[in-house]
Each structure stands twice: as C-alpha cells, then as structure tokens.
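I have placed the structure first, in the form of structure tokens, so that the comments after it can refer back to it.
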Amino acid sequence: MNPDATNEVLRFDVGDLRCAVPLSHVREVQRAVAVTPLPGAPEIIDGVIDVRGEVVPVIDLGRRFGLPRRPLRASQSMVLVWTGERLVALRADRVHWLEELAPDAVVNASRLTRGPLELAGVARTTDGLVLLQDPEALLRQAESETLDAALAARSDG
C-alpha cells in the first residue's frame with residue numbers, strides 16, 4: 001500500500017490481530033467451508049477449497065505471526081484475495097467493514113523493520129493498530145514455489 005495516498009481497505013480479525021487488505025485486491029468474502037488438506041504445502045497453508053470450480057489455497061495468517069494452529073469454525077469467513085496472478089483465501093475470525101485510511105494514519109513497513117516483512121504497514125485507527133497486509137507478499141518466494149509443487153502433485157495424483 002502506498003502510505004502517501006488514501007487507502008480503502010477491508011478490515012478483519014485473525015485471533016486477536018486486527019488486519020486489513022487493500023479493497024482493490026479483494027474478490028469476495030464468503031462463509032468458511034471445509035478445507036481439504038494439501039500434502040507438501042507450506043506451513044501457513046491450511047489446505048485448499050473449491051470456489052465455483054477453482055482450487056484456492058487457504059492461508060492462515062495467524063501462523064505467519066506465530067499463533068498456534070486453530071481448528072476452522074463455521075462462524076469464520078474466508079476473504080478471497082488476489083496476490084498478483086494467484087487467488088488465495090485468508091481465514092478470518094471476523095470480517096468488520098470497509099474503511100478508508102488517511103495517509104497520515106499509515107506507517108510504511110519499511111520504517112518498522114530492516115528484514116523481510118509481509119506487511120505493507122501499520123495503521124493507527126480509532127480502535128487500535130491494524131496490520132496492513134501486502135497481498136503481493138502474502139507468500140514468500142519459497143512458499144509460493146512449494147505451494148505450486150504441492151498443487152501440481154495434487155492434480156497429477
């Protein structure tokens with residue numbers, strides 16, 4: 001996200017974490033559905049779901065932030081997000097609302113750390129800090145390659 005521009009985001013919770021993704025990358029939000037395990041997938045991938053005939057990997061952002069794996073509940077949602085050419089589903093415990101973030105409310109992630117970070121930044125809002133996810137960086141390069149191999153093995157089997 002460009003911290004120099006106004007950012008329209010979709011807010012959601014993952015455990016106690018407040019997260020958001022740019023609305024421009026959101027395809028849809030749907031109720032949680034059963035996830036099929038995907039052997040050989042990266043740790044942050046719960047498995048895959050079928051979205052109108054398309055196989056979509058499910059990312060558990062909580063795992064990225066070191067939270068323990070949790071069982072999927074019917075009350076959860078899936079936020080379908082484009083990460084460039086790949087559609088993924090993000091597990092969300094609660095989807096809140098669309099919000100427009102003022103440019104001065106966003107701190108760019110590059111100012112927060114020197115190492116690689118999958119965040120675009122952090123936003124200050126009236127109800128606390130929100131982790132702004134960078135859809136293009138949800139999967140690290142090695143994770144993306146491992147996921148591609150796992151998906152290919154699934155379709156070959």
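We name chains A, B, ... following the order of the structure tokens; residues begin at 1 in each chain, and ligands are numbered from 1 as shown.
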For the strand (DSSP E) assignment from backbone DSSP, which residues of chain A qualify? Please present them as number ranges by chain. A: 7-14, 17-22, 26-31, 45-51, 54-59, 77-82, 87-92, 94-101, 106-108, 119-125, 128-133
Extract, using only C-alpha atoms, all DNA, RNA and protein residues at most 10 Å from range 72-84 of chain A, discarding same-chain residues fewer than 3 positions from it, and format them as JSON, numbers by chain. {"A": [10, 12, 13, 14, 21, 22, 23, 24, 25, 26, 27, 28, 29, 30, 31, 32, 33, 34, 35, 46, 49, 51, 56, 57, 58, 59, 60, 69, 87, 88, 89, 90, 91, 92, 93, 94, 95, 134, 135, 136, 137, 138, 139]}
Write out as a ChimeraX atom specification the set of residues from chain A that DSSP, computed on the backbone, places in helix (DSSP H, G or I). /A:23-25,61-64,103-105,109-111,135-137,141-156
Within 12 Å of range 97-105 of chain A, counting only C-alpha atoms, which residues qualify if same-chain residues fewer than 6 places away don't, as JSON, numbers by chain? {"A": [1, 2, 3, 4, 5, 6, 7, 8, 9, 10, 11, 12, 13, 18, 19, 20, 21, 22, 23, 24, 26, 29, 121, 122, 123, 124, 125, 126, 128, 129, 130, 131, 132]}
Grab the residues selected above and save them as a tab-separated table (two decimals), in the first residue's frame with N, CA and C atoms.
chain	number	residue	atom	x	y	z
A	1	MET	N	0.84	-1.17	0.00
A	1	MET	CA	0.00	0.00	0.00
A	1	MET	C	0.88	1.23	0.00
A	2	ASN	N	0.43	2.20	-0.65
A	2	ASN	CA	1.17	3.45	-0.72
A	2	ASN	C	0.74	4.35	0.44
A	3	PRO	N	1.63	4.58	1.40
A	3	PRO	CA	1.24	5.39	2.54
A	3	PRO	C	1.04	6.86	2.19
A	4	ASP	N	1.36	7.24	0.96
A	4	ASP	CA	1.19	8.63	0.55
A	4	ASP	C	-0.18	8.88	-0.07
A	5	ALA	N	-1.02	7.87	-0.13
A	5	ALA	CA	-2.35	8.02	-0.72
A	5	ALA	C	-3.38	7.49	0.26
A	6	THR	N	-4.63	7.89	0.05
A	6	THR	CA	-5.71	7.37	0.88
A	6	THR	C	-5.92	5.92	0.49
A	7	ASN	N	-6.12	5.06	1.48
A	7	ASN	CA	-6.21	3.62	1.24
A	7	ASN	C	-7.56	3.08	1.70
A	8	GLU	N	-8.29	2.48	0.77
A	8	GLU	CA	-9.53	1.82	1.13
A	8	GLU	C	-9.22	0.35	1.38
A	9	VAL	N	-9.58	-0.13	2.57
A	9	VAL	CA	-9.22	-1.48	2.99
A	9	VAL	C	-10.44	-2.22	3.53
A	10	LEU	N	-10.32	-3.55	3.55
A	10	LEU	CA	-11.30	-4.40	4.20
A	10	LEU	C	-10.66	-4.85	5.51
A	11	ARG	N	-11.33	-4.57	6.62
A	11	ARG	CA	-10.81	-4.92	7.95
A	11	ARG	C	-11.34	-6.28	8.38
A	12	PHE	N	-10.46	-7.07	9.04
A	12	PHE	CA	-10.86	-8.37	9.58
A	12	PHE	C	-9.93	-8.73	10.72
A	13	ASP	N	-10.37	-9.69	11.54
A	13	ASP	CA	-9.58	-10.16	12.68
A	13	ASP	C	-9.10	-11.58	12.43
A	18	ARG	N	-5.70	-7.43	14.53
A	18	ARG	CA	-6.54	-6.64	13.62
A	18	ARG	C	-5.78	-6.52	12.31
A	19	CYS	N	-6.40	-6.96	11.21
A	19	CYS	CA	-5.74	-6.98	9.91
A	19	CYS	C	-6.59	-6.24	8.88
A	20	ALA	N	-5.96	-5.93	7.76
A	20	ALA	CA	-6.67	-5.31	6.65
A	20	ALA	C	-5.95	-5.64	5.36
A	21	VAL	N	-6.70	-5.68	4.26
A	21	VAL	CA	-6.14	-5.84	2.93
A	21	VAL	C	-6.73	-4.75	2.05
A	22	PRO	N	-5.96	-4.31	1.05
A	22	PRO	CA	-6.49	-3.29	0.13
A	22	PRO	C	-7.74	-3.82	-0.57
A	23	LEU	N	-8.76	-3.02	-0.59
A	23	LEU	CA	-10.02	-3.42	-1.22
A	23	LEU	C	-9.80	-3.78	-2.69
A	24	SER	N	-8.86	-3.13	-3.33
A	24	SER	CA	-8.59	-3.39	-4.75
A	24	SER	C	-8.15	-4.83	-5.01
A	26	VAL	N	-9.37	-7.49	-3.08
A	26	VAL	CA	-10.40	-8.40	-2.56
A	26	VAL	C	-11.37	-8.79	-3.66
A	29	VAL	N	-15.91	-12.05	-0.06
A	29	VAL	CA	-15.87	-12.64	1.28
A	29	VAL	C	-16.96	-13.70	1.30
A	121	GLY	N	2.28	-2.21	6.01
A	121	GLY	CA	2.44	-1.19	7.03
A	121	GLY	C	1.52	-1.45	8.20
A	122	VAL	N	1.47	-0.46	9.07
A	122	VAL	CA	0.60	-0.50	10.24
A	122	VAL	C	-0.19	0.80	10.24
A	123	ALA	N	-1.48	0.70	10.51
A	123	ALA	CA	-2.34	1.90	10.53
A	123	ALA	C	-2.85	2.15	11.94
A	124	ARG	N	-2.86	3.41	12.31
A	124	ARG	CA	-3.48	3.82	13.56
A	124	ARG	C	-4.95	4.15	13.26
A	125	THR	N	-5.85	3.47	14.01
A	125	THR	CA	-7.28	3.73	13.84
A	125	THR	C	-7.87	4.07	15.20
A	126	THR	N	-9.12	4.45	15.21
A	126	THR	CA	-9.78	4.83	16.46
A	126	THR	C	-9.86	3.67	17.45
A	128	GLY	N	-7.47	1.11	17.60
A	128	GLY	CA	-6.18	0.46	17.77
A	128	GLY	C	-5.40	0.34	16.48
A	129	LEU	N	-4.29	-0.40	16.56
A	129	LEU	CA	-3.42	-0.60	15.41
A	129	LEU	C	-3.95	-1.72	14.52
A	130	VAL	N	-3.78	-1.56	13.22
A	130	VAL	CA	-4.23	-2.54	12.24
A	130	VAL	C	-3.03	-2.91	11.37
A	131	LEU	N	-2.81	-4.22	11.20
A	131	LEU	CA	-1.73	-4.72	10.36
A	131	LEU	C	-2.19	-4.74	8.91
A	132	LEU	N	-1.57	-3.92	8.08
A	132	LEU	CA	-1.94	-3.83	6.66
A	132	LEU	C	-1.18	-4.90	5.88
Figure out the distance between CA of Leu38 in chain A and CA of Gly62 in chain A, please, to one decimal in Å.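 Going from CA of Gly62 in chain A over to CA of Leu38 in chain A, I get 18.0 Å.
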So what do you get for CA of Arg86 in chain A versus CA of Val48 in chain A, distance-wise?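 Computed distance, CA of Arg86 in chain A to CA of Val48 in chain A, equals 12.8 Å.
Coordinates place CA of Gly47 in chain A at a distance of 18.0 Å from CA of Gly66 in chain A.
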